>>> print(open('input-v9.pdb').read())   # PDB, C-alpha atoms
ATOM      1  CA  MET A   1      44.431  -8.529  -4.499
ATOM      2  CA  SER A   2      43.429  -5.016  -3.447
ATOM      3  CA  THR A   3      43.399  -4.055   0.218
ATOM      4  CA  PRO A   4      39.854  -3.541   1.607
ATOM      5  CA  ILE A   5      39.061   0.137   2.121
ATOM      6  CA  PRO A   6      38.553   1.067   5.809
ATOM      7  CA  LEU A   7      34.974   2.192   6.417
ATOM      8  CA  GLY A   8      33.647   4.783   8.841
ATOM      9  CA  LEU A   9      30.064   4.398  10.009
ATOM     10  CA  LEU A  10      27.988   7.261  11.397
ATOM     11  CA  ALA A  11      25.339   5.087  13.027
ATOM     12  CA  ALA A  12      21.905   6.234  14.098
ATOM     13  CA  GLY A  13      19.038   3.939  15.141
ATOM     14  CA  GLY A  14      17.610   0.748  13.692
ATOM     15  CA  ASP A  15      18.999  -2.419  12.170
ATOM     16  CA  VAL A  16      20.570  -1.019   8.993
ATOM     17  CA  PRO A  17      23.712   0.397  10.702
ATOM     18  CA  ARG A  18      24.323  -2.956  12.427
ATOM     19  CA  ARG A  19      23.937  -4.788   9.119
ATOM     20  CA  VAL A  20      26.323  -2.394   7.362
ATOM     21  CA  ALA A  21      28.924  -2.937  10.086
ATOM     22  CA  ARG A  22      28.588  -6.736  10.033
ATOM     23  CA  THR A  23      28.658  -6.948   6.219
ATOM     24  CA  ALA A  24      31.696  -4.709   5.848
ATOM     25  CA  ALA A  25      33.596  -6.495   8.626
ATOM     26  CA  ALA A  26      32.793  -9.895   7.089
ATOM     27  CA  ALA A  27      34.300  -8.608   3.814
ATOM     28  CA  GLY A  28      37.560  -7.938   5.647
ATOM     29  CA  ARG A  29      37.175  -4.184   5.993
ATOM     30  CA  THR A  30      38.196  -2.206   9.038
ATOM     31  CA  VAL A  31      34.975  -0.645  10.349
ATOM     32  CA  ALA A  32      35.204   2.313  12.731
ATOM     33  CA  VAL A  33      31.795   3.103  14.221
ATOM     34  CA  VAL A  34      30.536   6.350  15.697
ATOM     35  CA  ALA A  35      27.377   5.454  17.626
ATOM     36  CA  LEU A  36      25.485   8.731  17.665
ATOM     37  CA  GLU A  37      24.240   9.436  21.174
ATOM     38  CA  GLY A  38      20.509   9.046  21.647
ATOM     39  CA  TRP A  39      20.086   6.739  18.646
ATOM     40  CA  ALA A  40      22.739   4.007  18.497
ATOM     41  CA  ARG A  41      24.259   1.849  21.242
ATOM     42  CA  PRO A  42      27.990   1.083  21.236
ATOM     43  CA  GLU A  43      27.326  -2.440  22.530
ATOM     44  CA  ASP A  44      25.538  -3.261  19.266
ATOM     45  CA  PHE A  45      28.933  -2.996  17.530
ATOM     46  CA  ALA A  46      30.930  -5.145  19.935
ATOM     47  CA  GLY A  47      34.251  -6.323  18.525
ATOM     48  CA  LEU A  48      34.668  -3.246  16.333
ATOM     49  CA  PRO A  49      36.385   0.067  17.046
ATOM     50  CA  VAL A  50      33.479   2.159  18.355
ATOM     51  CA  ILE A  51      32.874   5.384  20.227
ATOM     52  CA  ALA A  52      29.650   7.013  21.377
ATOM     53  CA  GLU A  53      29.511  10.700  20.485
ATOM     54  CA  ARG A  54      27.087  13.543  20.085
ATOM     55  CA  PRO A  55      26.623  14.788  16.503
ATOM     56  CA  GLY A  56      28.291  18.099  17.299
ATOM     57  CA  ALA A  57      31.627  16.544  18.318
ATOM     58  CA  ALA A  58      33.024  16.764  14.789
ATOM     59  CA  GLY A  59      36.641  17.120  15.857
ATOM     60  CA  THR A  60      36.522  13.936  17.919
ATOM     61  CA  ILE A  61      34.684  12.050  15.167
ATOM     62  CA  PHE A  62      37.134  13.070  12.428
ATOM     63  CA  ALA A  63      40.134  12.212  14.632
ATOM     64  CA  PHE A  64      38.637   8.787  15.395
ATOM     65  CA  PHE A  65      38.085   8.060  11.705
ATOM     66  CA  ARG A  66      41.609   9.177  10.800
ATOM     67  CA  GLN A  67      43.073   7.073  13.606
ATOM     68  CA  HIS A  68      41.572   4.011  11.896
ATOM     69  CA  GLY A  69      42.525   5.017   8.361
ATOM     70  CA  VAL A  70      38.928   5.589   7.222
ATOM     71  CA  ALA A  71      38.563   6.548   3.562
ATOM     72  CA  GLU A  72      34.825   5.957   3.013
ATOM     73  CA  VAL A  73      31.920   6.904   5.289
ATOM     74  CA  VAL A  74      28.345   5.622   5.461
ATOM     75  CA  MET A  75      25.695   7.692   7.220
ATOM     76  CA  THR A  76      22.668   5.574   8.025
ATOM     77  CA  GLY A  77      19.952   4.805  10.549
ATOM     78  CA  GLY A  78      16.814   6.437  11.849
ATOM     79  CA  ALA A  79      17.123   9.677  13.788
ATOM     80  CA  GLN A  80      15.126  12.735  14.658
ATOM     81  CA  ARG A  81      17.004  15.965  14.208
ATOM     82  CA  PRO A  82      18.126  17.350  17.589
ATOM     83  CA  ALA A  83      17.379  20.908  18.584
ATOM     84  CA  PHE A  84      20.149  23.227  17.421
ATOM     85  CA  ARG A  85      21.188  24.050  20.988
ATOM     86  CA  ALA A  86      21.404  20.353  21.876
ATOM     87  CA  LEU A  87      24.226  19.764  19.382
ATOM     88  CA  ARG A  88      26.859  21.100  21.824
ATOM     89  CA  PRO A  89      29.464  21.455  19.069
ATOM     90  CA  ASP A  90      33.169  21.294  19.805
ATOM     91  CA  ALA A  91      35.473  23.836  18.163
ATOM     92  CA  THR A  92      35.574  21.916  14.881
ATOM     93  CA  GLY A  93      31.831  21.326  15.008
ATOM     94  CA  ALA A  94      31.144  25.029  15.520
ATOM     95  CA  ARG A  95      33.298  25.893  12.526
ATOM     96  CA  LEU A  96      31.544  23.305  10.367
ATOM     97  CA  LEU A  97      28.068  24.344  11.490
ATOM     98  CA  ALA A  98      28.838  27.713   9.974
ATOM     99  CA  ARG A  99      29.483  25.899   6.684
ATOM    100  CA  VAL A 100      26.253  23.899   6.967
ATOM    101  CA  GLY A 101      24.444  27.171   7.617
ATOM    102  CA  ARG A 102      20.748  27.468   6.877
ATOM    103  CA  ALA A 103      20.566  23.855   5.614
ATOM    104  CA  TYR A 104      20.210  22.839   9.269
ATOM    105  CA  PHE A 105      16.813  24.492   9.351
ATOM    106  CA  LEU A 106      15.565  23.034   6.055
ATOM    107  CA  GLY A 107      14.497  19.466   5.237
ATOM    108  CA  ASP A 108      16.435  16.297   5.995
ATOM    109  CA  ASP A 109      17.819  15.887   2.476
ATOM    110  CA  SER A 110      19.195  19.428   2.471
ATOM    111  CA  LEU A 111      20.864  18.863   5.838
ATOM    112  CA  LEU A 112      22.305  15.464   4.926
ATOM    113  CA  ARG A 113      23.690  16.830   1.662
ATOM    114  CA  ALA A 114      25.386  19.608   3.625
ATOM    115  CA  VAL A 115      26.868  17.122   6.114
ATOM    116  CA  ALA A 116      28.089  14.922   3.236
ATOM    117  CA  GLU A 117      29.792  17.952   1.673
ATOM    118  CA  VAL A 118      31.514  18.658   4.992
ATOM    119  CA  LEU A 119      32.749  15.068   5.259
ATOM    120  CA  GLU A 120      34.055  15.111   1.709
ATOM    121  CA  GLY A 121      35.718  18.449   2.383
ATOM    122  CA  GLU A 122      37.570  16.703   5.202
ATOM    123  CA  GLY A 123      38.851  14.039   2.806
ATOM    124  CA  PHE A 124      36.296  11.254   3.341
ATOM    125  CA  ARG A 125      34.234   9.784   0.499
ATOM    126  CA  VAL A 126      30.549   9.403   1.387
ATOM    127  CA  VAL A 127      29.022   6.151   0.094
ATOM    128  CA  SER A 128      25.587   4.595   0.446
ATOM    129  CA  ALA A 129      24.504   1.835   2.815
ATOM    130  CA  GLN A 130      23.284  -0.188  -0.177
ATOM    131  CA  SER A 131      26.728  -0.084  -1.782
ATOM    132  CA  VAL A 132      27.983  -2.046   1.240
ATOM    133  CA  LEU A 133      24.957  -4.289   1.746
ATOM    134  CA  GLY A 134      24.483  -5.330  -1.897
ATOM    135  CA  ASP A 135      21.067  -6.649  -2.929
ATOM    136  CA  VAL A 136      18.854  -4.834  -0.424
ATOM    137  CA  LEU A 137      16.745  -2.592  -2.647
ATOM    138  CA  ALA A 138      13.127  -3.443  -3.434
ATOM    139  CA  GLY A 139      12.402  -4.723  -6.915
ATOM    140  CA  ALA A 140       9.305  -4.045  -8.991
ATOM    141  CA  GLY A 141       6.168  -6.099  -8.432
ATOM    142  CA  LEU A 142       4.760  -8.086  -5.542
ATOM    143  CA  PHE A 143       7.120  -9.604  -3.014
ATOM    144  CA  ALA A 144       4.457 -10.680  -0.512
ATOM    145  CA  GLY A 145       0.686 -11.197  -0.588
ATOM    146  CA  ALA A 146      -1.698 -10.202  -3.365
ATOM    147  CA  LEU A 147      -2.423  -6.688  -4.611
ATOM    148  CA  PRO A 148      -6.152  -5.902  -4.226
ATOM    149  CA  ASP A 149      -7.823  -3.923  -6.996
ATOM    150  CA  GLU A 150      -8.776  -1.254  -4.432
ATOM    151  CA  ALA A 151      -5.125  -0.621  -3.612
ATOM    152  CA  ARG A 152      -4.114   0.616  -7.052
ATOM    153  CA  SER A 153      -5.814   3.999  -6.893
ATOM    154  CA  ASP A 154      -4.541   4.534  -3.339
ATOM    155  CA  ILE A 155      -0.967   3.807  -4.445
ATOM    156  CA  LEU A 156      -1.269   6.244  -7.340
ATOM    157  CA  ARG A 157      -2.690   8.898  -5.037
ATOM    158  CA  GLY A 158       0.118   8.211  -2.556
ATOM    159  CA  ILE A 159       2.750   8.704  -5.242
ATOM    160  CA  GLN A 160       1.241  12.074  -6.158
ATOM    161  CA  VAL A 161       1.072  13.275  -2.548
ATOM    162  CA  ALA A 162       4.518  11.991  -1.562
ATOM    163  CA  ARG A 163       6.078  13.630  -4.626
ATOM    164  CA  ALA A 164       4.527  16.954  -3.659
ATOM    165  CA  LEU A 165       5.836  16.644  -0.103
ATOM    166  CA  GLY A 166       9.254  15.494  -1.260
ATOM    167  CA  ALA A 167       9.575  18.440  -3.625
ATOM    168  CA  VAL A 168       9.732  20.700  -0.564
ATOM    169  CA  ASP A 169      11.934  18.196   1.357
ATOM    170  CA  VAL A 170       9.317  17.208   3.947
ATOM    171  CA  GLY A 171       8.854  13.420   4.038
ATOM    172  CA  GLN A 172       9.010  10.116   2.213
ATOM    173  CA  SER A 173       5.814   8.401   3.409
ATOM    174  CA  VAL A 174       2.067   8.886   3.240
ATOM    175  CA  VAL A 175      -0.911   6.785   4.275
ATOM    176  CA  ILE A 176      -3.839   6.725   1.841
ATOM    177  CA  GLN A 177      -7.215   5.056   2.345
ATOM    178  CA  GLN A 178      -9.892   5.142  -0.349
ATOM    179  CA  GLY A 179      -8.254   8.235  -1.854
ATOM    180  CA  LEU A 180      -8.128  10.069   1.488
ATOM    181  CA  VAL A 181      -4.826  11.208   2.952
ATOM    182  CA  LEU A 182      -4.864   9.826   6.498
ATOM    183  CA  GLY A 183      -1.389  11.075   7.320
ATOM    184  CA  VAL A 184       1.905  12.367   5.966
ATOM    185  CA  GLU A 185       5.340  11.816   7.428
ATOM    186  CA  ALA A 186       7.156  14.781   8.899
ATOM    187  CA  ILE A 187       9.683  14.754  11.752
ATOM    188  CA  GLU A 188       8.007  11.930  13.674
ATOM    189  CA  GLY A 189       9.076   9.029  11.421
ATOM    190  CA  THR A 190       7.141   6.169   9.847
ATOM    191  CA  ASP A 191       6.265   4.221  12.992
ATOM    192  CA  ALA A 192       4.747   7.278  14.658
ATOM    193  CA  LEU A 193       2.899   8.131  11.438
ATOM    194  CA  LEU A 194       1.330   4.665  11.396
ATOM    195  CA  SER A 195       0.389   4.866  15.065
ATOM    196  CA  ARG A 196      -1.295   8.216  14.477
ATOM    197  CA  CYS A 197      -3.217   6.918  11.454
ATOM    198  CA  ALA A 198      -4.629   3.939  13.373
ATOM    199  CA  GLY A 199      -7.252   6.194  14.929
ATOM    200  CA  LEU A 200      -8.163   7.811  11.601
ATOM    201  CA  LYS A 201      -8.966   4.702   9.598
ATOM    202  CA  ARG A 202     -12.354   4.538   7.834
ATOM    203  CA  GLU A 203     -14.611   1.538   7.315
ATOM    204  CA  GLY A 204     -13.925  -0.587   4.255
ATOM    205  CA  PHE A 205     -10.676  -1.266   2.398
ATOM    206  CA  GLY A 206      -7.772  -0.736   4.769
ATOM    207  CA  GLY A 207      -5.534   1.589   2.822
ATOM    208  CA  VAL A 208      -1.822   1.683   1.979
ATOM    209  CA  LEU A 209       1.448   3.027   3.326
ATOM    210  CA  VAL A 210       3.303   4.499   0.326
ATOM    211  CA  LYS A 211       7.041   5.303   0.508
ATOM    212  CA  LEU A 212       9.237   6.808  -2.192
ATOM    213  CA  VAL A 213      12.410   8.787  -2.704
ATOM    214  CA  LYS A 214      12.117  12.563  -2.737
ATOM    215  CA  PRO A 215      12.563  14.220  -6.145
ATOM    216  CA  GLY A 216      16.248  15.024  -6.591
ATOM    217  CA  GLN A 217      17.242  13.264  -3.354
ATOM    218  CA  ASP A 218      20.870  12.188  -2.932
ATOM    219  CA  ARG A 219      20.442   8.411  -3.029
ATOM    220  CA  ARG A 220      23.537   7.822  -0.937
ATOM    221  CA  LEU A 221      21.662   9.264   2.015
ATOM    222  CA  ASP A 222      18.512   8.328   3.943
ATOM    223  CA  LEU A 223      16.705   6.102   1.436
ATOM    224  CA  PRO A 224      13.226   4.956   2.498
ATOM    225  CA  THR A 225      13.546   1.793   4.578
ATOM    226  CA  ILE A 226      11.071  -0.853   5.697
ATOM    227  CA  GLY A 227      11.432  -4.032   7.721
ATOM    228  CA  PRO A 228       9.377  -6.455   9.805
ATOM    229  CA  ILE A 229       8.660  -3.766  12.396
ATOM    230  CA  THR A 230       7.145  -1.533   9.694
ATOM    231  CA  ILE A 231       4.916  -4.378   8.520
ATOM    232  CA  ARG A 232       3.621  -5.095  12.013
ATOM    233  CA  ALA A 233       3.027  -1.382  12.649
ATOM    234  CA  ALA A 234       1.080  -1.088   9.381
ATOM    235  CA  ALA A 235      -1.020  -4.123  10.326
ATOM    236  CA  ALA A 236      -1.698  -2.663  13.784
ATOM    237  CA  ALA A 237      -2.899   0.513  12.048
ATOM    238  CA  GLY A 238      -5.409  -1.563  10.041
ATOM    239  CA  LEU A 239      -3.774  -1.081   6.650
ATOM    240  CA  ALA A 240      -4.026  -3.545   3.786
ATOM    241  CA  GLY A 241      -0.455  -3.228   2.576
ATOM    242  CA  ILE A 242       2.731  -1.306   1.881
ATOM    243  CA  ALA A 243       3.903   0.023  -1.498
ATOM    244  CA  VAL A 244       7.467   1.275  -1.976
ATOM    245  CA  GLU A 245       9.588   2.683  -4.766
ATOM    246  CA  ALA A 246      11.406  -0.105  -6.626
ATOM    247  CA  GLY A 247      15.144   0.514  -6.735
ATOM    248  CA  GLY A 248      14.828   3.229  -4.100
ATOM    249  CA  THR A 249      13.787   1.483  -0.872
ATOM    250  CA  ILE A 250      15.935  -0.605   1.471
ATOM    251  CA  LEU A 251      14.358  -3.864   2.646
ATOM    252  CA  VAL A 252      15.612  -5.023   6.034
ATOM    253  CA  ASP A 253      15.636  -8.835   6.436
ATOM    254  CA  ARG A 254      13.488 -10.071   3.514
ATOM    255  CA  PRO A 255      12.731 -13.513   5.004
ATOM    256  CA  ALA A 256      11.449 -11.932   8.231
ATOM    257  CA  MET A 257       9.480  -9.394   6.201
ATOM    258  CA  ARG A 258       7.779 -12.110   4.160
ATOM    259  CA  ALA A 259       6.980 -14.033   7.340
ATOM    260  CA  ALA A 260       5.493 -10.915   8.951
ATOM    261  CA  ALA A 261       3.447 -10.171   5.815
ATOM    262  CA  ALA A 262       2.123 -13.749   5.716
ATOM    263  CA  GLU A 263       1.224 -13.593   9.390
ATOM    264  CA  THR A 264      -0.552 -10.239   9.154
ATOM    265  CA  GLY A 265      -2.061 -10.661   5.674
ATOM    266  CA  LEU A 266      -0.479  -7.492   4.285
ATOM    267  CA  PHE A 267       0.720  -7.150   0.699
ATOM    268  CA  LEU A 268       4.162  -5.727  -0.106
ATOM    269  CA  PHE A 269       4.541  -4.140  -3.534
ATOM    270  CA  GLY A 270       7.335  -2.359  -5.393
ATOM    271  CA  PHE A 271       6.454   0.235  -8.041
ATOM    272  CA  ASP A 272       8.233   2.431 -10.556
ATOM    273  CA  PRO A 273       6.751   5.908  -9.911
ATOM    274  CA  ALA A 274       7.558   7.014 -13.469
ATOM    275  CA  THR A 275       5.380   4.346 -15.070
ATOM    276  CA  PHE A 276       2.864   3.255 -12.445
ATOM    277  CA  THR A 277      -0.806   3.650 -13.322
ATOM    278  CA  GLU A 278      -3.940   1.937 -12.070
ATOM    279  CA  GLU A 279      -4.091  -0.010 -15.320
ATOM    280  CA  THR A 280      -0.426  -1.120 -15.622
ATOM    281  CA  SER A 281      -0.273  -2.236 -11.973
ATOM    282  CA  ALA A 282      -2.576  -5.197 -12.631
TER     283      ALA A 282
END
>>> encode(input="input-v9.pdb", output="C-alpha cells")
Amino acid sequence: MSTPIPLGLLAAGGDVPRRVARTAAAAGRTVAVVALEGWARPEDFAGLPVIAERPGAAGTIFAFFRQHGVAEVVMTGGAQRPAFRALRPDATGARLLARVGRAYFLGDDSLLRAVAEVLEGEGFRVVSAQSVLGDVLAGAGLFAGALPDEARSDILRGIQVARALGAVDVGQSVVIQQGLVLGVEAIEGTDALLSRCAGLKREGFGGVLVKLVKPGQDRRLDLPTIGPITIRAAAAAGLAGIAVEAGGTILVDRPAMRAAAAETGLFLFGFDPATFTEETSA
C-alpha cells in the first residue's frame, strides 16, 4: 500500500478549503494549512497543522510546508487581490515577486499561473481542489428546478459575454436578463455582483447568473464555484436561475444546494459551452 502524499493547502475564504482539508485528512493524508490572513481562519482547521500568514511571507510558508513533508499543494478559496503594498513580502517573497513580475497586475488567471510556477519551482506539485474532493464538478443538464423557455436565450447570451470577458482574463460570471447584461464580475466577486444587480432588474422574466471557465484557464486553479449561499443571493437579486459550465464548476454541498433551490424556486443547470444552443437546451 502506498503512503499518502502530504498535502499543503493555501486556504482563502469559503467552504471549499475546509472541505479539501477534511477530505484529505479523512483519506489519511498529512494536511498542512496556511490560512491566508484576511480570508481564512486558523480555527476552521482545528486538529491540523495550521499557521496564519500573509500572502507575501513566502519564506515562512515554504518552510512550514517542508517541515511537514508537503509534496502537493492546493490553492483554493475566495479572495480579493490585496494591494501590492499590502503584501509586505519577506526576503523570499520579495525575490519571488520579481519572478511573478507584471502578472501581478494582470487578471487572476495570469497571477495564479505565475504563483503556481513559483511553487513548482520550489519543488511542490500544484494540484486542483477537485482532484482531492472527487465528484464535485457540475454535470450537464438540470440538477434542480425546471428550465424555462425564456432562460435559454439568456444563457446563450451569457456564454458569449463571459467568453469575451474571460479572453482578457477579467471574470467568470455575468448576469443576463431578457438579453440585457445587468452585470459582469470583476474584482468584487459573485456575491457582490448579485447584490449590485438586484437594483437593476427589469420587469418580467427574472434572468440568469451564468458562470463558466475562462478560455485557456488553468483548471487546477480558481474554477467557478457555487453553493447554497450563491443560490440564496441569486434569489434575493430576483433571478430565475443559475447556469454553469458542466465539468468546469465546483458545486459546494449538493444536498444543501438542491434544498435552497427548492425553497427559492430557482433552477440550476449545467451546460457544455461548445454545444449549447437555444434549440439543443430543450
>>> resolve_selection(input="input-v9.pdb", expression="the PyMOL selection byres ((chain A and resi 27) around 12)", output="ChimeraX atom specification")
/A:3-7,20-26,28-31,132-134
>>> atom_distance(input="input-v9.pdb", atom1="atom CA of Pro55 of chain A", atom2="atom CA of Gly247 of chain A")
29.6 Å
>>> atom_distance(input="input-v9.pdb", atom1="atom CA of Val161 of chain A", atom2="atom CA of Arg196 of chain A")
17.9 Å
>>> closest_residue(input="input-v9.pdb", among="A:Gly248, A:Gly13, A:Gly145, A:Gly204", to="Leu223 of chain A", atoms="all atoms listed in the file")
A:Gly248
>>> residues_around(input="input-v9.pdb", residues="Ala151 of chain A", least_positions_apart="3", cutoff="8 Å", atoms="only C-alpha atoms", output="list in words")
Leu147, Pro148, Asp154, Ile155, Gly207 and Val208 of chain A
>>> resolve_selection(input="input-v9.pdb", expression="the PyMOL selection byres ((chain A and resi 35) around 7)", output="ChimeraX atom specification")
/A:10-12,33-34,36-37,40-42,50-53
>>> residues_around(input="input-v9.pdb", residues="segment 179-181 of chain A", least_positions_apart="6", cutoff="12 Å", atoms="only C-alpha atoms", output="list in words")
Glu150, Ala151, Arg152, Ser153, Asp154, Ile155, Leu156, Arg157, Gly158, Ile159, Gln160, Val161, Ala162, Ser173, Leu193, Cys197, Leu200, Lys201, Arg202, Phe205, Gly206, Gly207, Val208, Leu209 and Val210 of chain A
>>> closest_residue(input="input-v9.pdb", among="A:Ala198, A:Arg163, A:Gly59, A:Gln67", to="Leu182 of chain A", atoms="all atoms listed in the file")
A:Ala198
>>> closest_residue(input="input-v9.pdb", among="A:Glu72, A:Glu263, A:Asp44, A:Glu245", to="Ala138 of chain A", atoms="all atoms listed in the file")
A:Glu245
>>> closest_residue(input="input-v9.pdb", among="A:Ala79, A:Asp253, A:Val136, A:Ala259", to="Glu188 of chain A", atoms="all atoms listed in the file")
A:Ala79
>>> resolve_selection(input="input-v9.pdb", expression="the PyMOL selection byres ((chain A and resi 65) around 9)", output="ChimeraX atom specification")
/A:7-9,32-34,60-64,66-71,73
>>> closest_residue(input="input-v9.pdb", among="A:Val168, A:Ala236, A:Ile231, A:Val175", to="Arg258 of chain A", atoms="only C-alpha atoms")
A:Ile231
>>> closest_residue(input="input-v9.pdb", among="A:Pro89, A:Gly241, A:Gly227, A:Gly199", to="Ala256 of chain A", atoms="all atoms listed in the file")
A:Gly227
>>> atom_distance(input="input-v9.pdb", atom1="atom CA of Ala144 of chain A", atom2="atom CA of Ile176 of chain A")
19.4 Å
>>> residues_around(input="input-v9.pdb", residues="Gly93 of chain A", least_positions_apart="3", cutoff="9 Å", atoms="only C-alpha atoms", output="PyMOL selection string")
chain A and resi 55-59+87-90+96-98
>>> decode(input="input-v9.pdb", residues="segment 122-145 of chain A", atoms="C-alpha atoms", output="PDB file, in the first residue's frame")
ATOM      1  CA  GLU A 122      10.301  25.383  -5.238  1.00  0.00           C
ATOM      2  CA  GLY A 123       9.654  21.654  -5.633  1.00  0.00           C
ATOM      3  CA  PHE A 124       5.919  21.453  -4.872  1.00  0.00           C
ATOM      4  CA  ARG A 125       3.400  19.980  -7.317  1.00  0.00           C
ATOM      5  CA  VAL A 126       0.276  22.127  -7.696  1.00  0.00           C
ATOM      6  CA  VAL A 127      -2.938  20.076  -7.895  1.00  0.00           C
ATOM      7  CA  SER A 128      -6.597  21.029  -8.125  1.00  0.00           C
ATOM      8  CA  ALA A 129      -9.171  21.104  -5.337  1.00  0.00           C
ATOM      9  CA  GLN A 130     -11.375  18.753  -7.374  1.00  0.00           C
ATOM     10  CA  SER A 131      -8.608  16.153  -7.556  1.00  0.00           C
ATOM     11  CA  VAL A 132      -8.859  15.903  -3.757  1.00  0.00           C
ATOM     12  CA  LEU A 133     -12.625  16.282  -3.419  1.00  0.00           C
ATOM     13  CA  GLY A 134     -13.630  13.825  -6.163  1.00  0.00           C
ATOM     14  CA  ASP A 135     -17.121  14.155  -7.639  1.00  0.00           C
ATOM     15  CA  VAL A 136     -17.732  17.872  -7.112  1.00  0.00           C
ATOM     16  CA  LEU A 137     -17.980  19.188 -10.664  1.00  0.00           C
ATOM     17  CA  ALA A 138     -21.338  20.063 -12.209  1.00  0.00           C
ATOM     18  CA  GLY A 139     -22.689  17.669 -14.803  1.00  0.00           C
ATOM     19  CA  ALA A 140     -24.683  18.557 -17.900  1.00  0.00           C
ATOM     20  CA  GLY A 141     -28.419  19.147 -17.639  1.00  0.00           C
ATOM     21  CA  LEU A 142     -30.769  20.183 -14.865  1.00  0.00           C
ATOM     22  CA  PHE A 143     -29.876  19.379 -11.285  1.00  0.00           C
ATOM     23  CA  ALA A 144     -32.639  21.440  -9.665  1.00  0.00           C
ATOM     24  CA  GLY A 145     -35.911  23.007 -10.817  1.00  0.00           C
TER      25      GLY A 145
END
